[in-house]
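target_17.txt (compact mmCIF, C-alpha atoms (C1' of nucleotides))
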# COMPACT_ATOMS: atom_id res chain seq x y z
CA MET A 77 -9.81 28.74 37.44
CA PRO A 78 -12.58 26.50 38.65
CA ARG A 79 -15.57 28.68 39.28
CA VAL A 80 -18.89 26.96 39.83
CA GLY A 81 -21.20 26.69 36.85
CA MET A 82 -18.42 26.09 34.36
CA GLU A 83 -20.02 23.01 32.86
CA PRO A 84 -22.24 24.65 30.21
CA VAL A 85 -19.43 27.03 29.26
CA ARG A 86 -16.97 24.20 28.75
CA ARG A 87 -19.46 22.04 26.88
CA LYS A 88 -20.17 24.82 24.45
CA ALA A 89 -16.49 25.63 24.01
CA LEU A 90 -15.66 21.99 23.36
CA ILE A 91 -18.44 21.56 20.82
CA GLU A 92 -17.44 24.66 18.95
CA ALA A 93 -13.81 23.60 19.09
CA ALA A 94 -14.86 20.24 17.66
CA VAL A 95 -16.56 21.90 14.68
CA GLU A 96 -13.52 24.04 13.98
CA THR A 97 -11.04 21.21 14.39
CA ILE A 98 -13.05 18.81 12.25
CA GLY A 99 -13.57 21.56 9.70
CA GLU A 100 -9.88 22.33 9.46
CA ARG A 101 -8.84 18.72 9.21
CA GLY A 102 -11.71 17.83 6.92
CA ASN A 103 -12.47 14.55 8.65
CA LEU A 104 -13.09 12.94 12.03
CA ASP A 105 -9.50 11.83 12.51
CA VAL A 106 -9.00 14.51 15.09
CA THR A 107 -7.79 13.69 18.57
CA MET A 108 -9.44 14.60 21.81
CA SER A 109 -6.22 16.44 22.62
CA GLU A 110 -6.55 18.66 19.58
CA ILE A 111 -10.15 19.51 20.30
CA ALA A 112 -9.42 20.12 23.98
CA ARG A 113 -6.40 22.28 23.20
CA SER A 114 -8.46 24.33 20.77
CA ALA A 115 -11.04 24.82 23.52
CA GLY A 116 -8.32 25.75 26.00
CA VAL A 117 -8.78 22.81 28.35
CA SER A 118 -7.14 19.47 28.99
CA PRO A 119 -8.13 16.29 27.17
CA ALA A 120 -9.23 14.77 30.45
CA LEU A 121 -11.84 17.48 30.88
CA ALA A 122 -13.37 16.69 27.54
CA HIS A 123 -13.78 13.11 28.67
CA HIS A 124 -15.13 14.26 31.99
CA TYR A 125 -17.97 16.25 30.42
CA PHE A 126 -18.79 14.12 27.41
CA GLY A 127 -17.76 10.68 28.54
CA GLY A 128 -15.91 9.83 25.37
CA LYS A 129 -15.09 10.81 21.84
CA ASP A 130 -18.19 9.26 20.30
CA ARG A 131 -20.49 11.23 22.51
CA LEU A 132 -18.64 14.46 21.87
CA PHE A 133 -19.15 13.86 18.16
CA LEU A 134 -22.84 13.20 18.63
CA ALA A 135 -23.23 16.32 20.72
CA THR A 136 -21.47 18.26 17.98
CA MET A 137 -23.86 16.87 15.38
CA ARG A 138 -26.84 17.80 17.51
CA HIS A 139 -25.45 21.30 17.82
CA LEU A 140 -25.10 21.66 14.06
CA LEU A 141 -28.55 20.19 13.46
CA ALA A 142 -30.14 22.44 16.06
CA GLU A 143 -28.60 25.53 14.48
CA PHE A 144 -29.75 24.44 11.07
CA GLY A 145 -33.25 23.70 12.32
CA ALA A 146 -33.50 27.04 14.08
CA GLY A 147 -32.52 28.81 10.87
CA ILE A 148 -35.17 26.99 8.88
CA ARG A 149 -37.83 27.73 11.45
CA ALA A 150 -36.93 31.41 11.53
CA GLY A 151 -37.14 31.54 7.75
CA LEU A 152 -40.52 29.84 7.68
CA ALA A 153 -41.86 32.15 10.35
CA GLU A 154 -41.24 35.25 8.29
CA SER A 155 -42.76 33.82 5.10
CA LYS A 156 -46.33 34.47 4.02
CA THR A 157 -47.01 32.34 0.95
CA PRO A 158 -46.12 28.71 0.23
CA ARG A 159 -43.76 29.84 -2.50
CA GLU A 160 -42.00 32.11 -0.02
CA ARG A 161 -41.63 29.21 2.38
CA VAL A 162 -39.85 27.17 -0.27
CA SER A 163 -37.50 30.06 -0.91
CA ALA A 164 -36.94 30.46 2.81
CA VAL A 165 -35.86 26.84 3.18
CA VAL A 166 -33.49 27.20 0.24
CA ALA A 167 -32.06 30.49 1.44
CA ARG A 168 -31.58 29.28 5.01
CA SER A 169 -29.88 26.12 3.78
CA PHE A 170 -27.20 28.35 2.37
CA ALA A 171 -27.16 30.86 5.20
CA PRO A 172 -23.67 32.21 5.92
CA GLU A 173 -23.30 30.32 9.21
CA GLN A 174 -24.21 27.03 7.51
CA PHE A 175 -22.43 27.42 4.21
CA ARG A 176 -19.01 28.04 5.77
CA THR A 177 -15.99 25.99 4.78
CA ALA A 178 -15.57 24.47 8.25
CA THR A 179 -19.26 23.70 8.68
CA ILE A 180 -19.54 22.11 5.26
CA ALA A 181 -16.53 19.90 5.94
CA ALA A 182 -18.00 18.87 9.28
CA TRP A 183 -21.34 18.00 7.69
CA LEU A 184 -19.62 15.84 5.14
CA ALA A 185 -17.58 14.10 7.82
CA PHE A 186 -20.73 13.37 9.81
CA TYR A 187 -22.44 11.97 6.75
CA VAL A 188 -19.65 9.43 6.55
CA ARG A 189 -19.89 8.81 10.25
CA ALA A 190 -23.56 7.96 9.81
CA GLN A 191 -22.52 4.99 7.68
CA SER A 192 -21.23 3.16 10.72
CA ASP A 193 -22.81 4.91 13.70
CA PRO A 194 -26.55 4.18 14.08
CA GLU A 195 -27.17 7.16 16.32
CA ALA A 196 -25.48 9.54 13.88
CA ARG A 197 -27.56 7.98 11.14
CA ARG A 198 -30.73 8.49 13.12
CA LEU A 199 -29.91 12.15 13.71
CA LEU A 200 -29.33 12.80 10.03
CA ALA A 201 -32.49 10.95 9.15
CA VAL A 202 -34.46 13.22 11.44
CA TYR A 203 -33.01 16.28 9.73
CA ALA A 204 -33.77 14.87 6.29
CA ARG A 205 -37.34 14.02 7.22
CA ARG A 206 -38.05 17.47 8.64
CA LEU A 207 -36.60 19.23 5.66
CA HIS A 208 -38.63 17.01 3.39
CA SER A 209 -41.93 17.52 5.17
CA ASN A 210 -41.45 21.29 5.31
CA LEU A 211 -40.84 21.36 1.59
CA VAL A 212 -43.70 19.02 0.76
CA ALA A 213 -46.14 20.97 2.90
CA ALA A 214 -45.37 24.17 1.04
CA LEU A 215 -45.17 22.64 -2.43
CA ALA A 216 -48.34 20.61 -2.05
CA GLU A 217 -50.28 23.84 -1.66
CA ILE A 218 -49.06 24.91 -5.07
CA VAL A 219 -48.94 21.80 -7.23
CA GLY A 220 -50.55 19.08 -5.15
CA ARG A 221 -49.01 16.33 -3.14
CA THR A 222 -47.68 14.02 -5.85
CA ASP A 223 -45.66 16.64 -7.68
CA GLY A 224 -44.81 18.29 -4.39
CA VAL A 225 -43.07 15.17 -3.14
CA ARG A 226 -41.07 14.83 -6.32
CA ILE A 227 -39.97 18.45 -6.42
CA ALA A 228 -39.06 18.30 -2.73
CA GLU A 229 -36.79 15.37 -3.46
CA GLY A 230 -35.17 17.26 -6.29
CA ILE A 231 -34.58 20.29 -4.08
CA ALA A 232 -33.15 18.23 -1.23
CA ALA A 233 -30.85 16.31 -3.56
CA MET A 234 -29.62 19.49 -5.18
CA ILE A 235 -28.94 21.13 -1.82
CA ASP A 236 -26.90 18.17 -0.62
CA GLY A 237 -25.14 17.95 -3.97
CA LEU A 238 -24.13 21.58 -3.86
CA TYR A 239 -22.76 21.04 -0.37
CA ILE A 240 -20.66 18.06 -1.32
CA ARG A 241 -19.38 19.71 -4.48
CA ARG A 242 -18.59 22.85 -2.56
CA ALA A 243 -16.37 20.78 -0.28
CA LEU A 244 -14.05 20.09 -3.21
CA LYS A 245 -13.65 23.66 -4.34
CA ASP A 246 -11.18 26.24 -3.09
CA GLY A 247 -11.91 29.79 -2.06
CA PRO A 248 -14.96 31.10 -0.23
CA PRO A 249 -18.34 29.44 -0.86
CA ASP A 250 -20.55 31.15 -3.43
CA ARG A 251 -23.93 31.26 -1.76
CA ALA A 252 -25.60 33.41 -4.38
CA SER A 253 -25.08 31.08 -7.31
CA ALA A 254 -26.16 28.06 -5.26
CA ILE A 255 -29.40 29.78 -4.33
CA ALA A 256 -29.91 30.94 -7.91
CA LEU A 257 -29.56 27.40 -9.24
CA LEU A 258 -32.12 26.13 -6.74
CA GLU A 259 -34.56 28.96 -7.34
CA ASP A 260 -34.33 28.36 -11.05
CA TYR A 261 -35.13 24.70 -10.47
CA VAL A 262 -38.14 25.54 -8.35
CA ASP A 263 -39.41 28.18 -10.79
CA THR A 264 -39.07 25.94 -13.80
CA GLN A 265 -40.72 23.02 -12.05
CA LEU A 266 -43.63 25.06 -10.77
CA ALA A 267 -44.15 26.70 -14.16
CA GLY A 268 -44.33 23.30 -15.81
CA ARG A 269 -46.72 21.82 -13.22
CA GLU A 270 -49.04 24.76 -12.92
CA ALA A 271 -49.40 24.89 -16.68
CA ALA A 272 -50.21 21.19 -16.69
CA GLU A 273 -53.01 21.51 -14.14
CA MET B 78 1.94 -20.86 -4.04
CA PRO B 79 4.31 -18.38 -5.54
CA ARG B 80 3.89 -18.54 -9.27
CA VAL B 81 5.54 -15.81 -11.31
CA GLY B 82 3.42 -13.04 -12.77
CA MET B 83 1.30 -12.75 -9.67
CA GLU B 84 1.74 -9.00 -9.33
CA PRO B 85 -1.17 -7.82 -11.50
CA VAL B 86 -3.44 -10.47 -10.01
CA ARG B 87 -2.63 -9.42 -6.48
CA ARG B 88 -2.91 -5.70 -7.22
CA LYS B 89 -6.36 -6.18 -8.64
CA ALA B 90 -7.46 -8.42 -5.78
CA LEU B 91 -6.22 -5.90 -3.22
CA ILE B 92 -7.93 -2.98 -4.90
CA GLU B 93 -11.21 -4.85 -5.12
CA ALA B 94 -10.86 -5.96 -1.54
CA ALA B 95 -10.28 -2.33 -0.58
CA VAL B 96 -13.53 -1.26 -2.24
CA GLU B 97 -15.47 -4.01 -0.49
CA THR B 98 -13.88 -3.42 2.90
CA ILE B 99 -14.34 0.34 2.73
CA GLY B 100 -17.87 -0.17 1.47
CA GLU B 101 -18.77 -2.48 4.34
CA ARG B 102 -17.23 -0.29 6.97
CA GLY B 103 -18.50 2.89 5.39
CA ASN B 104 -15.32 4.83 5.95
CA LEU B 105 -11.56 4.71 5.50
CA ASP B 106 -10.86 3.45 9.00
CA VAL B 107 -10.02 0.05 7.65
CA THR B 108 -6.72 -1.62 8.40
CA MET B 109 -4.27 -2.98 5.91
CA SER B 110 -4.78 -6.31 7.66
CA GLU B 111 -8.50 -6.31 6.93
CA ILE B 112 -8.02 -5.45 3.30
CA ALA B 113 -5.24 -8.00 2.91
CA ARG B 114 -7.25 -10.70 4.65
CA SER B 115 -10.21 -10.00 2.39
CA ALA B 116 -7.89 -10.35 -0.60
CA GLY B 117 -6.46 -13.57 0.80
CA VAL B 118 -2.91 -12.35 1.31
CA SER B 119 -0.78 -11.09 4.17
CA PRO B 120 -0.67 -7.42 5.20
CA ALA B 121 3.00 -7.34 4.32
CA LEU B 122 2.22 -8.17 0.72
CA ALA B 123 -0.13 -5.23 0.42
CA HIS B 124 2.69 -2.99 1.57
CA HIS B 125 5.08 -4.71 -0.80
CA TYR B 126 2.95 -3.95 -3.86
CA PHE B 127 1.51 -0.56 -2.98
CA GLY B 128 4.14 0.91 -0.69
CA GLY B 129 1.66 2.05 1.92
CA LYS B 130 -1.93 2.60 2.84
CA ASP B 131 -2.19 6.03 1.20
CA ARG B 132 -1.10 4.70 -2.13
CA LEU B 133 -3.44 1.74 -1.94
CA PHE B 134 -6.27 4.19 -1.36
CA LEU B 135 -5.22 6.32 -4.31
CA ALA B 136 -4.97 3.26 -6.53
CA THR B 137 -8.46 2.28 -5.40
CA MET B 138 -9.81 5.72 -6.28
CA ARG B 139 -8.18 5.56 -9.70
CA HIS B 140 -9.81 2.19 -10.21
CA LEU B 141 -13.25 3.53 -9.35
CA LEU B 142 -12.75 6.63 -11.48
CA ALA B 143 -11.54 4.59 -14.41
CA GLU B 144 -14.58 2.32 -14.26
CA PHE B 145 -16.86 5.31 -14.05
CA GLY B 146 -15.14 7.05 -16.94
CA ALA B 147 -15.30 3.93 -19.08
CA GLY B 148 -19.02 3.67 -18.44
CA ILE B 149 -19.60 7.27 -19.45
CA ARG B 150 -17.54 6.86 -22.61
CA ALA B 151 -19.43 3.73 -23.60
CA GLY B 152 -22.72 5.55 -23.07
CA LEU B 153 -21.63 8.51 -25.17
CA ALA B 154 -20.39 6.26 -27.94
CA GLU B 155 -23.80 4.69 -28.47
CA SER B 156 -25.68 8.00 -28.47
CA LYS B 157 -26.64 9.85 -31.63
CA THR B 158 -28.15 13.19 -30.60
CA PRO B 159 -27.01 15.69 -27.95
CA ARG B 160 -30.12 14.96 -25.92
CA GLU B 161 -29.29 11.26 -25.98
CA ARG B 162 -25.79 12.04 -24.78
CA VAL B 163 -27.16 13.84 -21.75
CA SER B 164 -29.37 10.87 -20.96
CA ALA B 165 -26.42 8.55 -21.43
CA VAL B 166 -24.37 10.43 -18.86
CA VAL B 167 -27.25 10.34 -16.41
CA ALA B 168 -28.01 6.68 -16.97
CA ARG B 169 -24.38 5.62 -16.70
CA SER B 170 -23.95 7.63 -13.52
CA PHE B 171 -26.51 5.32 -11.98
CA ALA B 172 -25.36 2.16 -13.70
CA PRO B 173 -25.72 -0.91 -11.48
CA GLU B 174 -21.97 -1.29 -10.94
CA GLN B 175 -21.66 2.32 -9.81
CA PHE B 176 -24.83 2.70 -7.82
CA ARG B 177 -24.09 -0.21 -5.50
CA THR B 178 -24.12 0.21 -1.73
CA ALA B 179 -20.42 -0.56 -1.34
CA THR B 180 -19.37 1.66 -4.23
CA ILE B 181 -21.47 4.57 -3.03
CA ALA B 182 -20.02 4.32 0.45
CA ALA B 183 -16.51 4.22 -0.99
CA TRP B 184 -17.17 7.30 -3.11
CA LEU B 185 -18.41 9.18 -0.10
CA ALA B 186 -15.39 8.15 1.94
CA PHE B 187 -13.07 9.31 -0.82
CA TYR B 188 -14.84 12.64 -1.02
CA VAL B 189 -13.94 13.16 2.61
CA ARG B 190 -10.44 11.97 1.96
CA ALA B 191 -10.10 14.66 -0.70
CA GLN B 192 -10.51 17.28 2.01
CA SER B 193 -7.07 16.50 3.38
CA ASP B 194 -5.26 14.61 0.62
CA PRO B 195 -4.27 16.86 -2.32
CA GLU B 196 -3.80 13.96 -4.71
CA ALA B 197 -7.24 12.55 -3.89
CA ARG B 198 -8.64 16.02 -4.40
CA ARG B 199 -6.94 16.29 -7.74
CA LEU B 200 -8.36 12.97 -8.90
CA LEU B 201 -11.90 13.94 -7.99
CA ALA B 202 -11.45 17.32 -9.64
CA VAL B 203 -10.46 15.59 -12.86
CA TYR B 204 -13.62 13.48 -12.72
CA ALA B 205 -15.79 16.49 -12.03
CA ARG B 206 -14.25 18.46 -14.87
CA ARG B 207 -14.74 15.67 -17.39
CA LEU B 208 -18.33 15.10 -16.40
CA HIS B 209 -18.98 18.80 -16.62
CA SER B 210 -17.41 19.25 -20.04
CA ASN B 211 -19.26 16.24 -21.44
CA LEU B 212 -22.54 17.64 -20.24
CA VAL B 213 -21.83 21.16 -21.39
CA ALA B 214 -20.77 19.99 -24.83
CA ALA B 215 -24.07 18.18 -25.33
CA LEU B 216 -26.29 20.81 -23.73
CA ALA B 217 -24.65 23.72 -25.56
CA GLU B 218 -25.81 22.20 -28.84
CA ILE B 219 -29.38 22.41 -27.63
CA VAL B 220 -29.68 25.61 -25.61
CA GLY B 221 -26.37 27.42 -26.13
CA ARG B 222 -23.37 27.65 -23.91
CA THR B 223 -24.65 29.92 -21.12
CA ASP B 224 -27.71 27.87 -20.27
CA GLY B 225 -25.77 24.70 -20.99
CA VAL B 226 -23.27 25.48 -18.26
CA ARG B 227 -25.99 26.20 -15.75
CA ILE B 228 -28.00 23.08 -16.50
CA ALA B 229 -24.84 20.99 -16.38
CA GLU B 230 -24.15 22.29 -12.89
CA GLY B 231 -27.67 21.43 -11.84
CA ILE B 232 -27.35 17.92 -13.22
CA ALA B 233 -23.99 17.32 -11.58
CA ALA B 234 -25.20 18.64 -8.22
CA MET B 235 -28.29 16.49 -8.37
CA ILE B 236 -26.31 13.38 -9.22
CA ASP B 237 -23.94 13.91 -6.32
CA GLY B 238 -26.84 14.75 -4.04
CA LEU B 239 -28.68 11.57 -4.92
CA TYR B 240 -25.52 9.63 -4.19
CA ILE B 241 -24.99 11.14 -0.77
CA ARG B 242 -28.65 10.78 0.15
CA ARG B 243 -28.64 7.22 -1.03
CA ALA B 244 -25.81 6.52 1.40
CA LEU B 245 -28.16 7.20 4.31
CA LYS B 246 -30.96 4.95 3.20
CA ASP B 247 -31.35 1.25 3.81
CA GLY B 248 -32.23 -1.40 1.30
CA PRO B 249 -31.11 -1.65 -2.29
CA PRO B 250 -30.53 1.56 -4.27
CA ASP B 251 -33.44 2.67 -6.43
CA ARG B 252 -31.80 3.52 -9.72
CA ALA B 253 -34.99 4.07 -11.67
CA SER B 254 -36.37 6.87 -9.55
CA ALA B 255 -33.01 8.61 -9.43
CA ILE B 256 -32.82 8.57 -13.21
CA ALA B 257 -36.43 9.70 -13.49
CA LEU B 258 -35.81 12.70 -11.25
CA LEU B 259 -32.81 13.73 -13.35
CA GLU B 260 -34.58 13.22 -16.65
CA ASP B 261 -37.46 15.29 -15.42
CA TYR B 262 -35.04 18.05 -14.48
CA VAL B 263 -33.41 17.96 -17.90
CA ASP B 264 -36.73 17.88 -19.76
CA THR B 265 -38.21 20.74 -17.80
CA GLN B 266 -35.10 22.85 -18.17
CA LEU B 267 -34.80 22.24 -21.89
CA ALA B 268 -38.48 22.94 -22.45
CA GLY B 269 -38.18 26.25 -20.66
CA ARG B 270 -35.04 27.29 -22.50
CA GLU B 271 -36.08 26.24 -25.97
CA ALA B 272 -39.35 28.08 -25.58
CA ALA B 273 -37.44 31.17 -24.51
CA GLU B 274 -35.18 31.17 -27.61
C1' DT C 255 17.48 -36.23 -16.49
C1' DA C 256 19.41 -34.61 -12.33
C1' DT C 257 21.63 -30.67 -9.84
C1' DG C 258 22.06 -26.36 -8.12
C1' DC C 259 21.47 -21.32 -8.80
C1' DT C 260 18.57 -17.13 -9.29
C1' DT C 261 14.69 -14.51 -8.67
C1' DG C 262 10.05 -13.12 -7.60
C1' DA C 263 6.45 -14.04 -4.16
C1' DT C 264 5.22 -14.31 0.40
C1' DT C 265 5.02 -14.20 5.27
C1' DG C 266 5.63 -13.98 10.60
C1' DA C 267 7.43 -11.40 13.92
C1' DC C 268 8.66 -7.13 15.50
C1' DT C 269 8.74 -1.98 16.46
C1' DG C 270 7.64 2.60 17.13
C1' DA C 271 4.15 5.78 17.42
C1' DT C 272 -0.39 7.24 18.45
C1' DC C 273 -4.40 7.84 21.17
C1' DA C 274 -8.69 7.01 23.89
C1' DA C 275 -9.67 6.36 28.30
C1' DT C 276 -8.77 6.26 33.40
C1' DC C 277 -7.65 7.85 37.93
C1' DA C 278 -5.88 9.81 41.78
C1' DA C 279 -4.79 14.10 43.24
C1' DA C 280 -4.59 19.22 43.11
C1' DA C 281 -6.76 23.67 42.95
C1' DA C 282 -10.28 26.88 43.61
C1' DT C 283 -14.54 28.18 45.32
C1' DA C 284 -18.60 28.02 48.41
C1' DT D 3 -14.63 21.61 55.24
C1' DA D 4 -17.16 19.94 51.26
C1' DT D 5 -17.89 20.27 46.48
C1' DT D 6 -16.87 21.14 41.83
C1' DT D 7 -13.45 21.78 38.44
C1' DT D 8 -9.26 20.53 36.45
C1' DT D 9 -5.17 18.17 35.23
C1' DG D 10 -0.72 15.18 34.78
C1' DA D 11 0.59 10.83 34.42
C1' DT D 12 -0.30 6.36 33.01
C1' DT D 13 -2.14 2.36 30.68
C1' DG D 14 -3.66 -0.68 27.25
C1' DA D 15 -4.77 -1.37 22.67
C1' DT D 16 -4.26 -0.66 17.88
C1' DC D 17 -1.76 -0.29 13.56
C1' DA D 18 1.30 1.13 9.77
C1' DG D 19 5.37 -0.04 8.27
C1' DT D 20 9.87 -2.91 8.22
C1' DC D 21 12.84 -6.80 7.72
C1' DA D 22 14.97 -11.05 7.50
C1' DA D 23 13.82 -15.48 6.21
C1' DT D 24 11.26 -19.01 3.42
C1' DC D 25 9.39 -21.01 -0.55
C1' DA D 26 8.40 -22.30 -5.21
C1' DA D 27 9.29 -22.06 -9.97
C1' DG D 28 11.99 -21.59 -13.79
C1' DC D 29 16.70 -21.82 -15.92
C1' DA D 30 21.08 -23.26 -17.03
C1' DT D 31 24.46 -26.56 -16.92
C1' DA D 32 26.54 -30.96 -16.94
Let me see the file written as structure tokens.
Amino acid sequence: MPRVGMEPVRRKALIEAAVETIGERGNLDVTMSEIARSAGVSPALAHHYFGGKDRLFLATMRHLLAEFGAGIRAGLAESKTPRERVSAVVARSFAPEQFRTATIAAWLAFYVRAQSDPEARRLLAVYARRLHSNLVAALAEIVGRTDGVRIAEGIAAMIDGLYIRRALKDGPPDRASAIALLEDYVDTQLAGREAAE
Amino acid sequence: MPRVGMEPVRRKALIEAAVETIGERGNLDVTMSEIARSAGVSPALAHHYFGGKDRLFLATMRHLLAEFGAGIRAGLAESKTPRERVSAVVARSFAPEQFRTATIAAWLAFYVRAQSDPEARRLLAVYARRLHSNLVAALAEIVGRTDGVRIAEGIAAMIDGLYIRRALKDGPPDRASAIALLEDYVDTQLAGREAAE
DNA sequence: TATGCTTGATTGACTGATCAATCAAAAATA
DNA sequence: TATTTTTGATTGATCAGTCAATCAAGCATA
């Protein structure tokens, strides 16, 4: 088995196995053995490459955050107007890879983790801040900074709320209705503010 | 020590200790010993009265849900108009007893629990359904059933989102701004819909 | 009023299982 | 042979749950 250059392959396999295992279980009470087995390696190897369970979890969070961030950036890149950028953030937040049952469950589990793990908390705070500033930047061009900040908070709260509520439902996630609810919020808010200017 | 009639006293103390302990830790990885110590009794007594950790957790959830439900009912009782009832639900959702750091953390932990524990899931589903039907009943009187259902979903998502986001912040919860964001959502939505009728 | 019985309350000590982490050694490649 | 990859076996710690024993308060009886 041991060919040279296996490290990045194994790291990736273990991280993806962690997402799946956590997603299936719905929480972080998964063992290193389970994750390793799902990745097709021994538990000892997982320790070898990540140094411990905590660090495997953090690496998994970073992976999820990086994917999410890449999606947002791609969406922003192909948008022309500020209004389109808002829609892009919303749409990418519910992109199929993100709004999957396993991914949603993992996000939720990591939110809880952030309550007690400062590094996990810091990572989530970074994500929240970026999302917020992207939204504010776009919204401020339409309705000014003050209202932009408020609407951005409403959008962010609604996105997170739809995620957490989704975690309690059965069946496949309904992306379309989530996006529709958000778009309706944005439209209604912008209509009200523009009229008030 | 052992006076008769201690059972209800101890049950209550243990449940409240569970909320505090879970709230401090931020997750459900608390031991029976910790909860029992915080309640001032031995771990064995906690097992004696609740039969196990799982059932203590479920009893704790029921306690939280019952308090929440009582708050909502009280708010509805003192409201006259449908619009007031919506505001009452919002305000009571962020009532000081509910929107406390420890309580919020416990809610979040129980949301995760519901991913793997069917009974926990059932309890949360009951709460969600009641909240939804209360909101829809009030909103339908103002904008009709179709829009009422949609706005109710938006409100519920935003409430849950503000809870989960609150869990990541430091310092005391800011109830006022949470309520303001929700009220703004409701006002803007109702204005748009009424105008469209 | 004193005596002893019953019952609920309470605990300390123990057990069995689980799991993260370690390490020395094996296996495969370069 | 030297290096990287990989694992089996082991350890040490943690905890939920159990159980037999203790303790205090009421209750009945004499």
At a cut-off of 12 Å, list the chain B residues touching chain D, using all atoms listed in the file, as number ranges by chain. B: 78-82, 106-111, 120-125, 127-131
Find the residues of chain C in contact range of chain A, meaning any atom within 10 Å when counting all atoms listed in the file, and list them as a short mmCIF file (atom, residue, chain, number, x, y, z; two decimals) with C-alpha atoms (C1' of nucleotides), keeping the file's coordinate frame.
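Resulting contents of selection-v2.cif:
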data_model
loop_
_atom_site.label_atom_id
_atom_site.label_comp_id
_atom_site.auth_asym_id
_atom_site.auth_seq_id
_atom_site.Cartn_x
_atom_site.Cartn_y
_atom_site.Cartn_z
"C1'" DT C 272 -0.39 7.24 18.45
"C1'" DC C 273 -4.40 7.84 21.17
"C1'" DA C 274 -8.69 7.01 23.89
"C1'" DA C 275 -9.67 6.36 28.30
"C1'" DT C 276 -8.77 6.26 33.40
"C1'" DA C 281 -6.76 23.67 42.95
"C1'" DA C 282 -10.28 26.88 43.61
"C1'" DT C 283 -14.54 28.18 45.32
"C1'" DA C 284 -18.60 28.02 48.41
#
What residues in chain B lie within 8 Å of chain A, counting only C-alpha atoms, written as a PyMOL selection string? chain B and resi 102-104+182+185-186+188-193+198+202+227+231+233-239+241-242+244-245+258+262+265-266+269
So which residues touch stretch 211-213 of chain A within 6 Å, counting all atoms listed in the file, skipping near sequence neighbours fewer than 4 positions away, as a PyMOL selection string? chain A and resi 224-225+228
Between atom CA of A:Glu173 and atom CA of A:Lys88, distance in Å (one decimal): 16.5 Å
Report, in Å to a single decimal, how far apart atom CA of A:Ala196 and atom CA of A:Arg138 are. 9.1 Å
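Taking atom CA of B:Val86 as the reference point, atom CA of B:Pro195 is found at 28.4 Å.
Using only C-alpha atoms (C1' of nucleotides), the contacts of A:Ile148 at a cut-off of 12 Å, with sequence neighbours closer than 4 positions omitted, comprise A:Leu141, A:Ala142, A:Glu143, A:Phe144, A:Leu152, A:Ala153, A:Glu154, A:Ser155, A:Arg161, A:Val162, A:Ser163, A:Ala164, A:Val165, A:Val166, A:Ala167, A:Arg168, A:Ser169, A:Phe170, A:Ala171, A:Gln174, A:Tyr203, A:Arg206, A:Leu207, A:His208, A:Asn210, A:Leu211.
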Mind working out the centre and edge lengths of an axis-aligned box for stretch 255-273 of chain C, all listed atoms inside, 8 Å added to each side, rounded to one decimal in Å and written as lines of an AutoDock Vina configuration file?
center_x = 8.8
center_y = -14.2
center_z = 2.3
size_x = 42.5
size_y = 60.1
size_z = 53.7
List as a PyMOL selection string the protein and nucleic acid residues near B:Tyr126, meaning an atom at most 12 Å away when only C-alpha atoms (C1' of nucleotides) are counted, but skip any in the same chain fewer than 6 places from it. (chain B and resi 83-92+113+118-120+132-133+136) or (chain C and resi 263-264)
